[in-house]
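First comes the structure, then the notes that go with it.
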Amino acid sequence: MQVPCDSFLFSAFFLALLRASAWLVASPPFANRSIPNRVKAGIAAGLALAAAPLIQPPPPFGSVAFINSAFLQIFVGLALGFMTQLLFNIFSAAGQLIDTFAGFSIAMFYDPMADVQSTIFGRMYALLATTLLFVSGGVNFMVRGFLRGFEAIPANGIQLDRFQDLLVGEISVFLVAAIEIAAPALIVLFITEMVLGILAKAAPSLNIFAIGFPLRVIVALVTVTMAVPLLLPSVSNIADQIVTNMGW
């Protein structure tokens, strides 16, 4: 029994599979050790099946143009994943800022899932952002944006100047958004530090270090608890920005 196979469709599927695999390797929340490699391979194959018809016309399989396009797809997938990771790490950076001001940065621990050193609030903000991303349906928008990227970034062409502009813009967005998300807790912690400084001058006999550390812990916990509802709009905005970047 012979199964007919369209060489051009197979070429398009293979190119889409390369881009999808590279994107999943670098893009959160899929770039996580808790997700088995078989599951990632299945997701990449599903994305490739949906994206293969969007690659028109694909180069002949095995040709020089096909090899060049294959390396291009890997680069584009990694680039899109890197920009997604840069935006998604805003929440972890915001939590680390709070940890630094609250004194929790001395209690860093190893995160086996992300393979990095993480702080308490940094890890908590990252987990909350991931949960809200799935609950709000942001992952679906990310997948749609990835599929739309095949129309904006064809298999045989790329605009490196546009990528450079996006990368510079993402770094500025990363810094500003991290400070904005952590701003409520940072402002309250800053006021707490001012009050402790005034007390140290007004009553030198007080042990400010013994009083200040537990006070900063309590203030940080209360402020972060009150600021958690503000994360949902931030996750939605970041998901929209990620989808926009998929179009390069």
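Every chain in the structure tokens has a letter given in the order shown (A, B, ...), and although residue numbers restart at 1 in each chain, ligands are simply numbered from 1 in the order shown.
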Original post:
What lies within 9 Å of Leu86 (chain A) using only C-alpha atoms, ignoring chain neighbours under 4 positions off, as number ranges by chain?
Top reply: A: 81-82, 90, 170-171, 174
Given the selection you just returned, output its residues as a file containing N, CA, C and O atoms, formatted as a compact mmCIF listing (two decimals), in the first residue's frame.
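What landed in part24.txt:
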# COMPACT_ATOMS: atom_id res chain seq x y z
N GLY A 81 10.77 33.37 20.93
CA GLY A 81 10.74 32.83 22.29
C GLY A 81 11.51 33.70 23.26
O GLY A 81 11.09 33.88 24.42
N PHE A 82 12.64 34.25 22.81
CA PHE A 82 13.43 35.11 23.69
C PHE A 82 12.67 36.38 24.05
O PHE A 82 12.66 36.81 25.21
N ILE A 90 9.16 39.91 33.39
CA ILE A 90 8.87 41.16 34.08
C ILE A 90 8.32 40.89 35.47
O ILE A 90 8.68 41.58 36.45
N GLU A 170 11.79 46.18 23.79
CA GLU A 170 11.40 45.22 24.82
C GLU A 170 12.22 45.41 26.10
O GLU A 170 11.70 45.23 27.20
N ILE A 171 13.48 45.77 25.95
CA ILE A 171 14.31 45.99 27.14
C ILE A 171 13.79 47.18 27.94
O ILE A 171 13.72 47.13 29.18
N PHE A 174 10.64 46.13 29.63
CA PHE A 174 10.97 45.24 30.75
C PHE A 174 11.28 46.04 32.00
O PHE A 174 10.76 45.77 33.09
**OP:** Would you mind writing down, as a ChimeraX atom specification, each residue of region 80-239 of chain A that DSSP on the backbone assigns to strand (DSSP E)?
**Re:** /A:109-111,116-118
Selection from above, C-alpha atoms, as a short mmCIF file (atom, residue, chain, number, x, y, z; two decimals), in the first residue's frame, can you write it?
data_model
loop_
_atom_site.label_atom_id
_atom_site.label_comp_id
_atom_site.auth_asym_id
_atom_site.auth_seq_id
_atom_site.Cartn_x
_atom_site.Cartn_y
_atom_site.Cartn_z
CA PHE A 109 16.98 29.37 46.62
CA TYR A 110 17.52 27.18 43.58
CA ASP A 111 14.56 26.82 41.26
CA VAL A 116 18.13 29.62 38.12
CA GLN A 117 18.52 31.17 41.54
CA SER A 118 15.24 32.74 42.59
#
Original post:
Which neighbours of region 137-144 of chain A fall inside 7 Å, counting only C-alpha atoms, when residues of the same chain fewer than 6 positions from it are skipped, and could you give them as number ranges by chain?
Top reply: A: 236, 239, 242-243
**OP:** Can you pull out every residue within 10 Å of Phe101 (chain A), counting only C-alpha atoms, but drop anything in the same chain fewer than 4 positions away, and send it as a list of chain:residue names?
**Re:**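 Skipping anything fewer than 4 positions along the chain leaves A:Gln96, A:Leu97, A:Ser105, A:Ala185, A:Leu186, A:Ile187, A:Leu189, A:Phe190, A:Glu193, A:Arg216, A:Val217, A:Ala220.
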Original post:
Could you pull out the helix (DSSP H, G or I) residues of region 26-225 of chain A from DSSP and send them as a count of residues only?
Top reply: 154
Original post:
If we count only C-alpha atoms, what is near Ala227 (chain A) at a cut-off of 9 Å, once residues fewer than 5 positions away on the same chain are taken out, given as a PyMOL selection string?
Top reply: chain A and resi 181-182+184-185+222
Suppose we keep N, CA and C atoms; can you now write the selection as a PDB file, in the first residue's frame?
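The file below, result_6.pdb, is the result:
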ATOM      1  N   ILE A 181       4.876  47.316  38.214  1.00  0.00           N
ATOM      2  CA  ILE A 181       4.183  46.232  38.906  1.00  0.00           C
ATOM      3  C   ILE A 181       4.564  46.202  40.380  1.00  0.00           C
ATOM      4  N   ALA A 182       5.824  46.455  40.660  1.00  0.00           N
ATOM      5  CA  ALA A 182       6.291  46.403  42.052  1.00  0.00           C
ATOM      6  C   ALA A 182       6.085  47.727  42.777  1.00  0.00           C
ATOM      7  N   PRO A 184       3.520  49.561  44.061  1.00  0.00           N
ATOM      8  CA  PRO A 184       2.787  49.686  45.335  1.00  0.00           C
ATOM      9  C   PRO A 184       3.584  49.201  46.543  1.00  0.00           C
ATOM     10  N   ALA A 185       4.209  48.050  46.417  1.00  0.00           N
ATOM     11  CA  ALA A 185       4.997  47.526  47.536  1.00  0.00           C
ATOM     12  C   ALA A 185       6.256  48.348  47.758  1.00  0.00           C
ATOM     13  N   VAL A 222       1.697  42.194  53.688  1.00  0.00           N
ATOM     14  CA  VAL A 222       0.388  42.846  53.612  1.00  0.00           C
ATOM     15  C   VAL A 222       0.236  43.591  52.286  1.00  0.00           C
TER      16      VAL A 222
END
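Here CA of Ile208 (chain A) stands at a distance of 19.6 Å from CA of Leu221 (chain A).
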Original post:
Which polymer residues have any atom within 10 Å of an atom of Tyr125 (chain A), counting only C-alpha atoms, with same-chain residues fewer than 2 positions away left out, as an MDAnalysis selection string?
Top reply: chainID A and resid 89:96 120:123 127:131 224 228 231
Expected file contents, prior selection, all heavy atoms, as a short mmCIF file (atom, residue, chain, number, x, y, z; two decimals), in the first residue's frame:
data_model
loop_
_atom_site.label_atom_id
_atom_site.label_comp_id
_atom_site.auth_asym_id
_atom_site.auth_seq_id
_atom_site.Cartn_x
_atom_site.Cartn_y
_atom_site.Cartn_z
N ASN A 89 9.36 37.61 32.02
CA ASN A 89 10.22 37.72 33.20
C ASN A 89 10.03 39.04 33.93
O ASN A 89 10.67 39.27 34.96
CB ASN A 89 11.69 37.57 32.80
CG ASN A 89 12.06 36.12 32.52
OD1 ASN A 89 11.34 35.21 32.92
ND2 ASN A 89 13.16 35.91 31.84
N ILE A 90 9.16 39.91 33.39
CA ILE A 90 8.87 41.16 34.08
C ILE A 90 8.32 40.89 35.47
O ILE A 90 8.68 41.58 36.45
CB ILE A 90 7.86 41.99 33.25
CG1 ILE A 90 8.55 42.55 32.00
CG2 ILE A 90 7.25 43.11 34.08
CD1 ILE A 90 7.60 43.25 31.06
N PHE A 91 7.46 39.89 35.60
CA PHE A 91 6.83 39.60 36.89
C PHE A 91 7.86 39.07 37.90
O PHE A 91 7.83 39.44 39.07
CB PHE A 91 5.71 38.60 36.70
CG PHE A 91 4.66 39.06 35.74
CD1 PHE A 91 4.67 38.62 34.42
CD2 PHE A 91 3.68 39.95 36.12
CE1 PHE A 91 3.73 39.05 33.53
CE2 PHE A 91 2.73 40.40 35.23
CZ PHE A 91 2.75 39.95 33.92
N SER A 92 8.76 38.23 37.44
CA SER A 92 9.82 37.75 38.33
C SER A 92 10.73 38.89 38.76
O SER A 92 11.13 38.96 39.92
CB SER A 92 10.63 36.65 37.62
OG SER A 92 11.68 36.20 38.45
N ALA A 93 11.04 39.79 37.83
CA ALA A 93 11.89 40.94 38.18
C ALA A 93 11.20 41.85 39.18
O ALA A 93 11.83 42.39 40.10
CB ALA A 93 12.26 41.71 36.92
N ALA A 94 9.88 42.04 39.02
CA ALA A 94 9.13 42.86 39.97
C ALA A 94 9.16 42.24 41.37
O ALA A 94 9.35 42.95 42.37
CB ALA A 94 7.68 43.02 39.49
N GLY A 95 9.00 40.92 41.44
CA GLY A 95 9.09 40.26 42.74
C GLY A 95 10.47 40.36 43.35
O GLY A 95 10.61 40.53 44.58
N GLN A 96 11.50 40.29 42.53
CA GLN A 96 12.86 40.41 43.06
C GLN A 96 13.15 41.81 43.57
O GLN A 96 13.91 41.98 44.53
CB GLN A 96 13.85 40.01 41.97
CG GLN A 96 13.83 38.53 41.64
CD GLN A 96 14.78 38.16 40.52
OE1 GLN A 96 15.57 39.00 40.06
NE2 GLN A 96 14.72 36.92 40.07
N ILE A 120 12.00 34.74 46.97
CA ILE A 120 10.68 34.29 47.41
C ILE A 120 9.57 34.96 46.60
O ILE A 120 8.76 34.29 45.94
CB ILE A 120 10.50 34.59 48.91
CG1 ILE A 120 11.54 33.80 49.72
CG2 ILE A 120 9.09 34.23 49.36
CD1 ILE A 120 11.55 34.12 51.19
N PHE A 121 9.53 36.28 46.63
CA PHE A 121 8.48 36.98 45.89
C PHE A 121 8.69 36.89 44.38
O PHE A 121 7.73 36.95 43.61
CB PHE A 121 8.39 38.45 46.32
CG PHE A 121 7.68 38.65 47.63
CD1 PHE A 121 8.35 39.16 48.72
CD2 PHE A 121 6.35 38.31 47.76
CE1 PHE A 121 7.70 39.34 49.93
CE2 PHE A 121 5.68 38.49 48.97
CZ PHE A 121 6.37 39.00 50.06
N GLY A 122 9.94 36.79 43.95
CA GLY A 122 10.19 36.62 42.53
C GLY A 122 9.58 35.33 42.00
O GLY A 122 8.94 35.32 40.94
N ARG A 123 9.74 34.25 42.74
CA ARG A 123 9.15 32.98 42.34
C ARG A 123 7.63 33.02 42.46
O ARG A 123 6.90 32.50 41.61
CB ARG A 123 9.72 31.86 43.21
CG ARG A 123 9.21 30.46 42.86
CD ARG A 123 9.52 30.11 41.43
NE ARG A 123 9.08 28.78 41.08
CZ ARG A 123 8.87 28.37 39.83
NH1 ARG A 123 9.08 29.19 38.83
NH2 ARG A 123 8.46 27.15 39.59
N LEU A 127 4.93 32.39 39.40
CA LEU A 127 3.90 31.35 39.44
C LEU A 127 2.50 31.95 39.30
O LEU A 127 1.64 31.39 38.60
CB LEU A 127 4.00 30.57 40.76
CG LEU A 127 5.23 29.67 40.92
CD1 LEU A 127 5.26 29.06 42.31
CD2 LEU A 127 5.23 28.56 39.87
N LEU A 128 2.26 33.10 39.95
CA LEU A 128 0.96 33.75 39.82
C LEU A 128 0.71 34.20 38.38
O LEU A 128 -0.39 34.06 37.85
CB LEU A 128 0.88 34.95 40.76
CG LEU A 128 0.59 34.65 42.24
CD1 LEU A 128 0.64 35.93 43.05
CD2 LEU A 128 -0.77 33.99 42.40
N ALA A 129 1.75 34.74 37.74
CA ALA A 129 1.60 35.19 36.36
C ALA A 129 1.31 34.01 35.43
O ALA A 129 0.47 34.12 34.53
CB ALA A 129 2.86 35.92 35.91
N THR A 130 1.98 32.89 35.66
CA THR A 130 1.73 31.69 34.84
C THR A 130 0.30 31.20 35.03
O THR A 130 -0.39 30.85 34.07
CB THR A 130 2.73 30.58 35.20
OG1 THR A 130 4.07 31.07 35.02
CG2 THR A 130 2.53 29.37 34.32
N THR A 131 -0.15 31.17 36.28
CA THR A 131 -1.52 30.72 36.57
C THR A 131 -2.55 31.64 35.91
O THR A 131 -3.50 31.18 35.28
CB THR A 131 -1.75 30.67 38.09
OG1 THR A 131 -0.77 29.80 38.69
CG2 THR A 131 -3.13 30.14 38.40
N VAL A 224 1.87 43.14 49.37
CA VAL A 224 1.80 42.23 48.22
C VAL A 224 0.45 41.54 48.15
O VAL A 224 -0.12 41.36 47.07
CB VAL A 224 2.94 41.20 48.30
CG1 VAL A 224 2.74 40.08 47.28
CG2 VAL A 224 4.28 41.86 48.06
N VAL A 228 -2.03 41.87 44.78
CA VAL A 228 -2.18 40.71 43.89
C VAL A 228 -3.28 40.90 42.85
O VAL A 228 -3.09 40.53 41.68
CB VAL A 228 -2.43 39.44 44.74
CG1 VAL A 228 -2.98 38.30 43.89
CG2 VAL A 228 -1.13 38.99 45.39
N LEU A 231 -2.36 42.15 39.35
CA LEU A 231 -1.54 41.35 38.42
C LEU A 231 -2.32 40.94 37.18
O LEU A 231 -1.73 40.80 36.10
CB LEU A 231 -1.01 40.10 39.12
CG LEU A 231 0.20 40.28 40.03
CD1 LEU A 231 0.60 38.95 40.64
CD2 LEU A 231 1.37 40.88 39.27
#
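The shortest atom-to-atom distance to Phe150 (chain A), with only C-alpha atoms taken into account, belongs to A:Val76 out of A:Val76, A:Ala70, A:Val25, A:Ala183.
If you measure from each of A:Ala203, A:Ile98, A:Val219, A:Ile211 to Ile191 (chain A) using only C-alpha atoms, the closest one turns out to be A:Val219.
The space between CA of Ala48 (chain A) and CA of Ala16 (chain A) spans 4.8 Å.
Coordinates place CA of Ile238 (chain A) at a distance of 22.7 Å from CA of Arg33 (chain A).
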**OP:** Using only C-alpha atoms, pick whichever of A:Phe104, A:Phe134, A:Phe213, A:Phe13 has the shortest atom-to-atom distance to Pro57 (chain A).
**Re:** A:Phe13
**OP:** Might you pull out every residue within 10 Å of region 71-75 of chain A, with only C-alpha atoms counted and same-chain residues fewer than 2 positions away left off, and present them as a list in words?
**Re:** Phe14, Leu15, Ala16, Leu17, Leu18, Arg19, Ala20, Ser21, Ala22, Trp23, Phe66, Ile67, Asn68, Ser69, Gly77, Leu78, Ala79, Leu80, Gly81, Phe150, Ile153, Pro154, Ala155, Asn156, Gly157 and Ile158 of chain A
